[in-house]
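Student: Sharing model.pdb, PDB, C-alpha atoms, pLDDT in the B column:
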ATOM      1  CA  TRP N 925     173.945  55.578  49.710  1.00 91.00           C
ATOM      2  CA  ARG N 926     173.244  52.132  48.272  1.00 95.00           C
ATOM      3  CA  MET N 927     170.694  51.002  45.708  1.00 96.00           C
ATOM      4  CA  ARG N 928     169.251  47.578  44.970  1.00 95.00           C
ATOM      5  CA  ALA N 929     167.170  46.840  41.878  1.00 97.00           C
ATOM      6  CA  GLY N 930     165.745  43.664  40.441  1.00 96.00           C
ATOM      7  CA  MET N 931     163.295  42.385  37.847  1.00 96.00           C
ATOM      8  CA  SER N 932     161.735  39.040  36.984  1.00 96.00           C
ATOM      9  CA  HIS N 933     159.202  37.584  34.572  1.00 94.00           C
ATOM     10  CA  ASP N 934     157.023  34.538  35.210  1.00 92.00           C
ATOM     11  CA  ARG N 935     154.614  32.581  33.035  1.00 90.00           C
ATOM     12  CA  ARG N 936     152.327  29.724  34.012  1.00 86.00           C
ATOM     13  CA  LYS N 937     150.182  27.470  31.868  1.00 83.00           C
ATOM     14  CA  THR N 938     148.019  24.629  33.130  1.00 80.00           C
ATOM     15  CA  LYS N 939     148.311  21.680  30.748  1.00 77.00           C
ATOM     16  CA  ASP N 940     145.750  19.335  32.292  1.00 73.00           C
ATOM     17  CA  ALA N 941     143.235  19.857  35.101  1.00 69.00           C
ATOM     18  CA  ASN N 942     141.340  16.564  34.866  1.00 71.00           C
ATOM     19  CA  VAL N 943     137.596  17.331  35.112  1.00 70.00           C
ATOM     20  CA  TRP N 944     138.070  21.112  35.402  1.00 70.00           C
ATOM     21  CA  GLU N 945     138.824  23.705  32.790  1.00 71.00           C
ATOM     22  CA  SER N 946     142.534  24.522  32.652  1.00 68.00           C
ATOM     23  CA  GLY N 947     142.016  28.270  33.082  1.00 68.00           C
ATOM     24  CA  ALA N 948     143.879  31.146  31.495  1.00 72.00           C
ATOM     25  CA  VAL N 949     147.636  31.445  30.917  1.00 79.00           C
ATOM     26  CA  ASP N 950     149.093  33.682  33.617  1.00 84.00           C
ATOM     27  CA  LYS N 951     151.979  36.088  33.005  1.00 89.00           C
ATOM     28  CA  ALA N 952     153.666  38.557  35.345  1.00 91.00           C
ATOM     29  CA  THR N 953     156.593  40.979  35.301  1.00 94.00           C
ATOM     30  CA  ASN N 954     157.799  42.013  38.752  1.00 96.00           C
ATOM     31  CA  GLY N 955     160.399  44.459  40.010  1.00 97.00           C
ATOM     32  CA  VAL N 956     161.888  46.013  43.139  1.00 97.00           C
ATOM     33  CA  LEU N 957     163.868  49.181  43.868  1.00 97.00           C
ATOM     34  CA  GLU N 958     165.417  49.893  47.275  1.00 97.00           C
ATOM     35  CA  LEU N 959     167.487  52.834  48.530  1.00 97.00           C
ATOM     36  CA  VAL N 960     169.557  52.657  51.719  1.00 97.00           C
ATOM     37  CA  HIS N 961     171.246  55.595  53.451  1.00 97.00           C
ATOM     38  CA  ASN N 962     173.790  55.155  56.252  1.00 95.00           C
ATOM     39  CA  VAL N 963     173.007  57.879  58.782  1.00 94.00           C
ATOM     40  CA  THR N 964     175.788  56.660  61.105  1.00 92.00           C
ATOM     41  CA  PRO N 965     178.104  53.628  60.935  1.00 91.00           C
ATOM     42  CA  SER N 966     175.522  51.661  62.942  1.00 92.00           C
ATOM     43  CA  THR N 967     172.228  53.169  61.693  1.00 95.00           C
ATOM     44  CA  GLU N 968     170.635  53.121  58.262  1.00 96.00           C
ATOM     45  CA  LEU N 969     167.394  54.339  56.745  1.00 97.00           C
ATOM     46  CA  PHE N 970     165.801  52.380  53.914  1.00 98.00           C
ATOM     47  CA  GLY N 971     162.878  52.708  51.560  1.00 97.00           C
ATOM     48  CA  SER N 972     161.641  50.437  48.823  1.00 97.00           C
ATOM     49  CA  VAL N 973     159.007  50.133  46.115  1.00 98.00           C
ATOM     50  CA  ALA N 974     158.136  46.761  44.640  1.00 97.00           C
ATOM     51  CA  HIS N 975     155.605  45.337  42.222  1.00 97.00           C
ATOM     52  CA  LYS N 976     154.876  41.675  42.908  1.00 95.00           C
ATOM     53  CA  THR N 977     152.462  39.071  41.604  1.00 95.00           C
ATOM     54  CA  HIS N 978     151.099  36.103  43.521  1.00 92.00           C
ATOM     55  CA  PHE N 979     149.826  33.235  41.370  1.00 91.00           C
ATOM     56  CA  ALA N 980     146.947  31.269  42.871  1.00 87.00           C
ATOM     57  CA  THR N 981     148.020  27.824  44.047  1.00 86.00           C
ATOM     58  CA  ILE N 982     146.773  24.580  42.530  1.00 85.00           C
ATOM     59  CA  LYS N 983     144.788  23.999  45.730  1.00 85.00           C
ATOM     60  CA  ASP N 984     143.080  27.403  45.535  1.00 84.00           C
ATOM     61  CA  ARG N 985     142.104  26.884  41.887  1.00 86.00           C
ATOM     62  CA  TYR N 986     141.179  23.188  41.698  1.00 85.00           C
ATOM     63  CA  SER N 987     140.656  21.661  45.144  1.00 82.00           C
ATOM     64  CA  ALA N 988     137.091  20.849  46.230  1.00 81.00           C
ATOM     65  CA  SER N 989     138.295  20.297  49.845  1.00 80.00           C
ATOM     66  CA  PHE N 990     136.312  17.060  50.163  1.00 76.00           C
ATOM     67  CA  GLY N 991     133.118  18.758  49.057  1.00 74.00           C
ATOM     68  CA  GLU N 992     133.458  21.884  51.201  1.00 80.00           C
ATOM     69  CA  ALA N 993     134.823  24.181  48.451  1.00 84.00           C
ATOM     70  CA  LEU N 994     134.017  25.136  44.879  1.00 85.00           C
ATOM     71  CA  PRO N 995     137.082  25.216  42.576  1.00 86.00           C
ATOM     72  CA  ASN N 996     137.818  28.385  40.615  1.00 86.00           C
ATOM     73  CA  PRO N 997     140.163  27.607  37.678  1.00 86.00           C
ATOM     74  CA  ASP N 998     139.945  31.217  36.462  1.00 85.00           C
ATOM     75  CA  LEU N 999     141.171  32.753  39.725  1.00 88.00           C
ATOM     76  CA  ARG N1000     143.393  35.573  38.479  1.00 90.00           C
ATOM     77  CA  PRO N1001     146.867  36.346  39.896  1.00 92.00           C
ATOM     78  CA  GLU N1002     146.986  38.805  42.778  1.00 93.00           C
ATOM     79  CA  LYS N1003     149.028  41.903  41.881  1.00 95.00           C
ATOM     80  CA  ALA N1004     150.350  44.433  44.377  1.00 96.00           C
ATOM     81  CA  TRP N1005     152.460  47.539  44.755  1.00 97.00           C
ATOM     82  CA  HIS N1006     154.419  47.388  48.023  1.00 97.00           C
ATOM     83  CA  TYR N1007     155.909  50.432  49.769  1.00 98.00           C
ATOM     84  CA  GLU N1008     158.266  50.277  52.763  1.00 97.00           C
ATOM     85  CA  LEU N1009     160.065  52.869  54.867  1.00 98.00           C
ATOM     86  CA  GLY N1010     162.164  51.886  57.832  1.00 97.00           C
ATOM     87  CA  LEU N1011     165.198  52.095  60.057  1.00 97.00           C
ATOM     88  CA  ARG N1012     167.820  49.549  61.114  1.00 96.00           C
ATOM     89  CA  THR N1013     170.235  50.246  63.924  1.00 95.00           C
ATOM     90  CA  GLU N1014     172.580  48.680  66.448  1.00 92.00           C
ATOM     91  CA  ALA N1015     171.048  50.698  69.275  1.00 83.00           C
ATOM     92  CA  TRP N1016     173.400  49.250  71.909  1.00 89.00           C
ATOM     93  CA  GLU N1017     176.057  46.587  72.160  1.00 90.00           C
ATOM     94  CA  GLY N1018     174.739  43.302  70.818  1.00 90.00           C
ATOM     95  CA  GLY N1019     171.296  44.722  70.033  1.00 93.00           C
ATOM     96  CA  GLN N1020     169.815  44.974  66.530  1.00 95.00           C
ATOM     97  CA  LEU N1021     166.619  47.022  66.204  1.00 96.00           C
ATOM     98  CA  GLU N1022     164.482  47.383  63.069  1.00 97.00           C
ATOM     99  CA  PHE N1023     161.293  49.411  62.538  1.00 97.00           C
ATOM    100  CA  THR N1024     159.287  49.388  59.293  1.00 98.00           C
ATOM    101  CA  LEU N1025     156.158  51.103  58.002  1.00 98.00           C
ATOM    102  CA  PHE N1026     154.532  49.328  55.072  1.00 98.00           C
ATOM    103  CA  ARG N1027     151.599  49.654  52.697  1.00 97.00           C
ATOM    104  CA  SER N1028     150.385  47.414  49.895  1.00 97.00           C
ATOM    105  CA  ASN N1029     147.817  48.295  47.236  1.00 97.00           C
ATOM    106  CA  LEU N1030     146.372  45.141  45.688  1.00 95.00           C
ATOM    107  CA  ARG N1031     144.403  44.371  42.552  1.00 94.00           C
ATOM    108  CA  ASP N1032     142.557  41.074  42.117  1.00 93.00           C
ATOM    109  CA  ALA N1033     143.261  40.142  45.747  1.00 92.00           C
ATOM    110  CA  HIS N1034     142.445  36.546  46.725  1.00 90.00           C
ATOM    111  CA  ASN N1035     139.718  36.147  49.346  1.00 88.00           C
ATOM    112  CA  ARG N1036     137.699  33.160  50.554  1.00 85.00           C
ATOM    113  CA  VAL N1037     133.939  33.763  50.455  1.00 82.00           C
ATOM    114  CA  ASP N1038     130.742  31.819  51.089  1.00 80.00           C
ATOM    115  CA  VAL N1039     128.880  30.472  48.050  1.00 81.00           C
ATOM    116  CA  PRO N1040     125.170  29.499  48.303  1.00 78.00           C
ATOM    117  CA  GLY N1041     124.085  25.895  47.945  1.00 72.00           C
ATOM    118  CA  THR N1042     122.240  26.708  44.712  1.00 74.00           C
ATOM    119  CA  VAL N1043     125.691  27.176  43.117  1.00 76.00           C
ATOM    120  CA  CYS N1044     127.612  24.475  44.983  1.00 76.00           C
ATOM    121  CA  GLY N1045     125.030  21.796  44.257  1.00 72.00           C
ATOM    122  CA  LYS N1046     123.533  20.992  47.673  1.00 69.00           C
ATOM    123  CA  TYR N1047     125.083  22.706  50.678  1.00 76.00           C
ATOM    124  CA  GLU N1048     126.705  26.092  51.160  1.00 78.00           C
ATOM    125  CA  CYS N1049     130.422  25.952  50.334  1.00 83.00           C
ATOM    126  CA  ARG N1050     133.419  28.257  50.023  1.00 84.00           C
ATOM    127  CA  GLN N1051     135.445  29.532  47.110  1.00 86.00           C
ATOM    128  CA  TYR N1052     138.478  31.726  46.518  1.00 87.00           C
ATOM    129  CA  GLN N1053     137.498  34.752  44.448  1.00 88.00           C
ATOM    130  CA  ASN N1054     139.179  37.926  43.246  1.00 90.00           C
ATOM    131  CA  ILE N1055     138.563  41.289  44.909  1.00 89.00           C
ATOM    132  CA  ASP N1056     139.083  44.213  42.557  1.00 91.00           C
ATOM    133  CA  ARG N1057     140.947  46.470  45.017  1.00 94.00           C
ATOM    134  CA  ALA N1058     142.293  45.924  48.540  1.00 95.00           C
ATOM    135  CA  ARG N1059     144.795  47.572  50.844  1.00 96.00           C
ATOM    136  CA  HIS N1060     147.172  46.317  53.559  1.00 96.00           C
ATOM    137  CA  GLN N1061     149.139  48.644  55.815  1.00 97.00           C
ATOM    138  CA  GLY N1062     150.847  48.432  59.169  1.00 97.00           C
ATOM    139  CA  ILE N1063     154.080  48.350  61.131  1.00 98.00           C
ATOM    140  CA  GLU N1064     156.788  45.804  61.844  1.00 98.00           C
ATOM    141  CA  LEU N1065     159.126  45.956  64.833  1.00 97.00           C
ATOM    142  CA  SER N1066     161.928  43.506  65.560  1.00 97.00           C
ATOM    143  CA  LEU N1067     164.675  43.276  68.160  1.00 97.00           C
ATOM    144  CA  GLU N1068     167.590  40.839  68.236  1.00 96.00           C
ATOM    145  CA  GLN N1069     169.903  40.715  71.274  1.00 96.00           C
ATOM    146  CA  GLN N1070     173.134  38.760  71.664  1.00 95.00           C
ATOM    147  CA  PHE N1071     173.697  38.582  75.445  1.00 94.00           C
ATOM    148  CA  SER N1072     176.824  36.438  75.305  1.00 94.00           C
ATOM    149  CA  PRO N1073     178.453  33.912  72.964  1.00 93.00           C
ATOM    150  CA  ALA N1074     176.039  31.296  74.358  1.00 95.00           C
ATOM    151  CA  TRP N1075     172.792  33.246  74.790  1.00 96.00           C
ATOM    152  CA  ARG N1076     170.635  35.169  72.293  1.00 96.00           C
ATOM    153  CA  ALA N1077     167.001  36.263  72.084  1.00 97.00           C
ATOM    154  CA  GLY N1078     164.688  37.960  69.623  1.00 97.00           C
ATOM    155  CA  LEU N1079     161.251  39.524  69.369  1.00 97.00           C
ATOM    156  CA  ALA N1080     159.212  40.470  66.285  1.00 98.00           C
ATOM    157  CA  TYR N1081     155.778  42.121  66.172  1.00 98.00           C
ATOM    158  CA  THR N1082     153.537  42.962  63.206  1.00 98.00           C
ATOM    159  CA  TYR N1083     150.368  45.047  63.170  1.00 98.00           C
ATOM    160  CA  LEU N1084     148.273  44.675  60.014  1.00 97.00           C
ATOM    161  CA  ASN N1085     145.261  46.738  58.972  1.00 96.00           C
ATOM    162  CA  SER N1086     143.486  45.337  55.918  1.00 94.00           C
ATOM    163  CA  LYS N1087     140.611  46.816  53.945  1.00 93.00           C
ATOM    164  CA  ASN N1088     138.505  45.767  50.988  1.00 92.00           C
ATOM    165  CA  ARG N1089     138.430  49.010  49.026  1.00 93.00           C
ATOM    166  CA  SER N1090     135.967  47.676  46.440  1.00 90.00           C
ATOM    167  CA  ASP N1091     133.333  46.668  49.005  1.00 88.00           C
ATOM    168  CA  PRO N1092     134.138  47.525  52.671  1.00 87.00           C
ATOM    169  CA  ASP N1093     131.228  45.334  53.835  1.00 84.00           C
ATOM    170  CA  VAL N1094     133.106  42.262  52.577  1.00 84.00           C
ATOM    171  CA  LYS N1095     135.935  41.565  55.007  1.00 86.00           C
ATOM    172  CA  LEU N1096     139.294  40.118  54.057  1.00 88.00           C
ATOM    173  CA  THR N1097     139.409  36.732  55.759  1.00 87.00           C
ATOM    174  CA  GLY N1098     142.287  34.733  57.193  1.00 86.00           C
ATOM    175  CA  LEU N1099     144.549  37.707  57.990  1.00 91.00           C
ATOM    176  CA  PRO N1100     145.747  38.321  61.594  1.00 94.00           C
ATOM    177  CA  ARG N1101     145.543  41.853  63.007  1.00 95.00           C
ATOM    178  CA  ASN N1102     148.400  41.286  65.495  1.00 97.00           C
ATOM    179  CA  ARG N1103     151.234  38.776  65.225  1.00 97.00           C
ATOM    180  CA  LEU N1104     154.094  38.131  67.656  1.00 98.00           C
ATOM    181  CA  PHE N1105     157.131  35.870  67.385  1.00 98.00           C
ATOM    182  CA  ALA N1106     159.728  35.462  70.126  1.00 98.00           C
ATOM    183  CA  HIS N1107     162.694  33.143  70.560  1.00 97.00           C
ATOM    184  CA  VAL N1108     165.482  32.390  73.034  1.00 97.00           C
ATOM    185  CA  GLY N1109     168.573  30.440  72.014  1.00 97.00           C
ATOM    186  CA  TRP N1110     171.220  28.731  74.161  1.00 96.00           C
ATOM    187  CA  LYS N1111     174.422  27.346  72.643  1.00 95.00           C
ATOM    188  CA  PRO N1112     176.398  25.588  75.377  1.00 94.00           C
ATOM    189  CA  HIS N1113     178.718  23.900  72.857  1.00 92.00           C
ATOM    190  CA  ALA N1114     179.898  24.612  69.325  1.00 90.00           C
ATOM    191  CA  GLN N1115     177.953  21.572  68.076  1.00 93.00           C
ATOM    192  CA  TRP N1116     174.745  22.026  70.077  1.00 94.00           C
ATOM    193  CA  GLU N1117     172.072  24.745  70.257  1.00 95.00           C
ATOM    194  CA  PHE N1118     168.679  24.730  71.967  1.00 96.00           C
ATOM    195  CA  LEU N1119     165.925  27.078  70.806  1.00 96.00           C
ATOM    196  CA  ALA N1120     162.597  27.960  72.469  1.00 98.00           C
ATOM    197  CA  THR N1121     159.981  29.825  70.399  1.00 98.00           C
ATOM    198  CA  LEU N1122     156.588  31.436  70.868  1.00 97.00           C
ATOM    199  CA  GLU N1123     154.178  32.389  68.072  1.00 97.00           C
ATOM    200  CA  ALA N1124     150.970  34.260  68.916  1.00 97.00           C
ATOM    201  CA  GLU N1125     148.343  36.097  66.886  1.00 97.00           C
ATOM    202  CA  ASN N1126     144.779  37.375  66.955  1.00 95.00           C
ATOM    203  CA  GLY N1127     142.318  39.383  64.894  1.00 92.00           C
ATOM    204  CA  ARG N1128     141.540  36.937  62.084  1.00 91.00           C
ATOM    205  CA  TYR N1129     138.069  37.014  60.528  1.00 87.00           C
ATOM    206  CA  ASP N1130     136.263  34.070  58.983  1.00 83.00           C
ATOM    207  CA  GLU N1131     132.877  33.610  57.371  1.00 74.00           C
ATOM    208  CA  GLY N1132     130.124  33.013  59.930  1.00 60.00           C
ATOM    209  CA  VAL N1133     128.340  29.694  60.232  1.00 50.00           C
ATOM    210  CA  VAL N1134     125.107  31.241  58.959  1.00 51.00           C
ATOM    211  CA  ASP N1135     125.608  34.852  57.863  1.00 61.00           C
ATOM    212  CA  GLY N1136     128.121  37.636  58.342  1.00 72.00           C
ATOM    213  CA  TYR N1137     131.588  37.253  59.810  1.00 80.00           C
ATOM    214  CA  GLU N1138     133.035  36.098  63.094  1.00 82.00           C
ATOM    215  CA  GLN N1139     136.328  37.147  64.659  1.00 85.00           C
ATOM    216  CA  LEU N1140     138.369  34.119  65.619  1.00 87.00           C
ATOM    217  CA  SER N1141     140.009  33.787  69.017  1.00 91.00           C
ATOM    218  CA  GLY N1142     143.714  34.432  69.308  1.00 94.00           C
ATOM    219  CA  TYR N1143     146.155  31.619  69.988  1.00 95.00           C
ATOM    220  CA  GLY N1144     149.765  30.932  70.875  1.00 97.00           C
ATOM    221  CA  ILE N1145     152.151  28.108  69.986  1.00 97.00           C
ATOM    222  CA  TRP N1146     155.198  27.150  72.032  1.00 97.00           C
ATOM    223  CA  GLY N1147     158.067  25.310  70.371  1.00 97.00           C
ATOM    224  CA  LEU N1148     161.308  23.640  71.422  1.00 97.00           C
ATOM    225  CA  LYS N1149     164.066  22.849  68.937  1.00 95.00           C
ATOM    226  CA  THR N1150     167.452  21.160  69.190  1.00 96.00           C
ATOM    227  CA  ILE N1151     170.141  21.800  66.555  1.00 94.00           C
ATOM    228  CA  TRP N1152     173.127  19.464  66.234  1.00 94.00           C
ATOM    229  CA  SER N1153     176.033  20.511  63.990  1.00 93.00           C
ATOM    230  CA  PRO N1154     178.487  17.609  63.735  1.00 90.00           C
ATOM    231  CA  ARG N1155     180.380  19.548  61.034  1.00 87.00           C
ATOM    232  CA  SER N1156     180.653  23.198  60.090  1.00 83.00           C
ATOM    233  CA  ASP N1157     178.659  22.588  56.886  1.00 86.00           C
ATOM    234  CA  LEU N1158     176.001  20.270  58.344  1.00 88.00           C
ATOM    235  CA  SER N1159     173.196  20.953  60.850  1.00 91.00           C
ATOM    236  CA  ILE N1160     170.474  18.535  61.948  1.00 87.00           C
TER     237      ILE N1160
END
In structure tokens, write the structure found in this file.
Tutor:
Amino acid sequence: WRMRAGMSHDRRKTKDANVWESGAVDKATNGVLELVHNVTPSTELFGSVAHKTHFATIKDRYSASFGEALPNPDLRPEKAWHYELGLRTEAWEGGQLEFTLFRSNLRDAHNRVDVPGTVCGKYECRQYQNIDRARHQGIELSLEQQFSPAWRAGLAYTYLNSKNRSDPDVKLTGLPRNRLFAHVGWKPHAQWEFLATLEAENGRYDEGVVDGYEQLSGYGIWGLKTIWSPRSDLSI
């Protein structure tokens, strides 16, 4: 058995926000507790509980997005209890497999909503607001395989189910339902490595042009990367 515990405290105060009110002083105490049990020399079970706080960014609180958004200096920090239960194992030679179930219960969750033109000044705009209670839950699955000293590959998939528990009719926007990341690496020389990646996702919701919500189309991004390591402590 192994245990990991941690705690932190953060405080933020806005000194000057130009034409906007500075907003409240934000404080947060966070912590994490994780237990790990080695079932076999190559397999371990783990579970964790964590309390975390996400402070709203300067952009979320003060940016008008060139007239398309309404700032919200009093946007409160998002607080959440996170629960995880999973398994890590070297299922076969060179293969690392990890499976995780997760759930997050949020208070004051951040969500982008439409604001009528009577509030924005002329046209309809958007604003980040707090949602009293929200919930995220899902699964994560990842596989890393080392085929040889020169070749490696990996795959990671996340399924996310989100719900606004305060008002189910108001959807949580900007969150993908399915997300996939894959990579293949080739290292023909100690100083050179070439990496190909694929990122794909779908299931995001956004506010509709007029009313309601629209589900955005999925997309994928291919990437190619070259890593040069002229020294053991330097990579470019």
Student: Would you mind listing, for every residue of stretch 994-1078 of chain N within 9 Å of stretch 959-982 of chain N, the two atoms forming the shortest contact and the distance between them in Å to one decimal, using all atoms listed in the file, sorted by chain and ascending residue number, as CSV?
Tutor:
residue,atom,partner,partner_atom,distance
N:Pro997,CA,N:Ile982,CA,8.7
N:Leu999,CA,N:Ala980,CA,6.7
N:Arg1000,CA,N:Ala980,CA,7.1
N:Pro1001,CA,N:Phe979,CA,4.5
N:Glu1002,CA,N:His978,CA,5.0
N:Lys1003,CA,N:Thr977,CA,4.5
N:Ala1004,CA,N:Lys976,CA,5.5
N:Trp1005,CA,N:His975,CA,4.6
N:His1006,CA,N:Ala974,CA,5.1
N:Tyr1007,CA,N:Val973,CA,4.8
N:Glu1008,CA,N:Ser972,CA,5.2
N:Leu1009,CA,N:Gly971,CA,4.3
N:Gly1010,CA,N:Phe970,CA,5.4
N:Leu1011,CA,N:Leu969,CA,4.6
N:Arg1012,CA,N:Glu968,CA,5.4
N:Thr1013,CA,N:Thr967,CA,4.2
N:Glu1014,CA,N:Ser966,CA,5.5
N:Ala1015,CA,N:Ser966,CA,7.8
N:Thr1024,CA,N:Phe970,CA,9.0
N:His1034,CA,N:Ala980,CA,7.9
Student: Using all atoms listed in the file, find each residue of stretch 1007-1094 of chain N with at least one atom at most 12 Å away from an atom of stretch 1108-1119 of chain N; report its shortest atom-to-atom pair and that distance in Å (one decimal), sort the rows by chain and rising residue number, and return the result as a Markdown table.
Tutor:
| residue | atom | partner | partner_atom | distance |
| --- | --- | --- | --- | --- |
| N:Leu1067 | CA | N:Val1108 | CA | 12.0 |
| N:Glu1068 | CA | N:Val1108 | CA | 9.9 |
| N:Gln1069 | CA | N:Val1108 | CA | 9.6 |
| N:Gln1070 | CA | N:Gly1109 | CA | 9.5 |
| N:Phe1071 | CA | N:Gly1109 | CA | 10.2 |
| N:Ser1072 | CA | N:Trp1110 | CA | 9.6 |
| N:Pro1073 | CA | N:Lys1111 | CA | 7.7 |
| N:Ala1074 | CA | N:Lys1111 | CA | 4.6 |
| N:Trp1075 | CA | N:Trp1110 | CA | 4.8 |
| N:Arg1076 | CA | N:Gly1109 | CA | 5.2 |
| N:Ala1077 | CA | N:Val1108 | CA | 4.3 |
| N:Gly1078 | CA | N:Val1108 | CA | 6.6 |
| N:Leu1079 | CA | N:Val1108 | CA | 9.1 |
Student: Using the chain letters and numbers from this file, what does the PyMOL selection byres ((chain N and resi 1127) around 7) select? Give the answer as a list in words.
Tutor: Pro1100, Arg1101, Asn1102, Asn1126, Arg1128, Tyr1129, Gln1139, Leu1140 and Gly1142 of chain N
Student: If you measure from atom CA of N:Gly1045 to atom CA of N:Gly1136, what distance in Å do you get, rounded to one decimal?
Tutor: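 Here the two named atoms are 21.4 Å from each other.
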Student: For atom CA of N:Gly930 and atom CA of N:Leu957, quote the distance in Å rounded to one decimal.
Tutor: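 According to the coordinates, atom CA of N:Gly930 and atom CA of N:Leu957 are separated by 6.8 Å.
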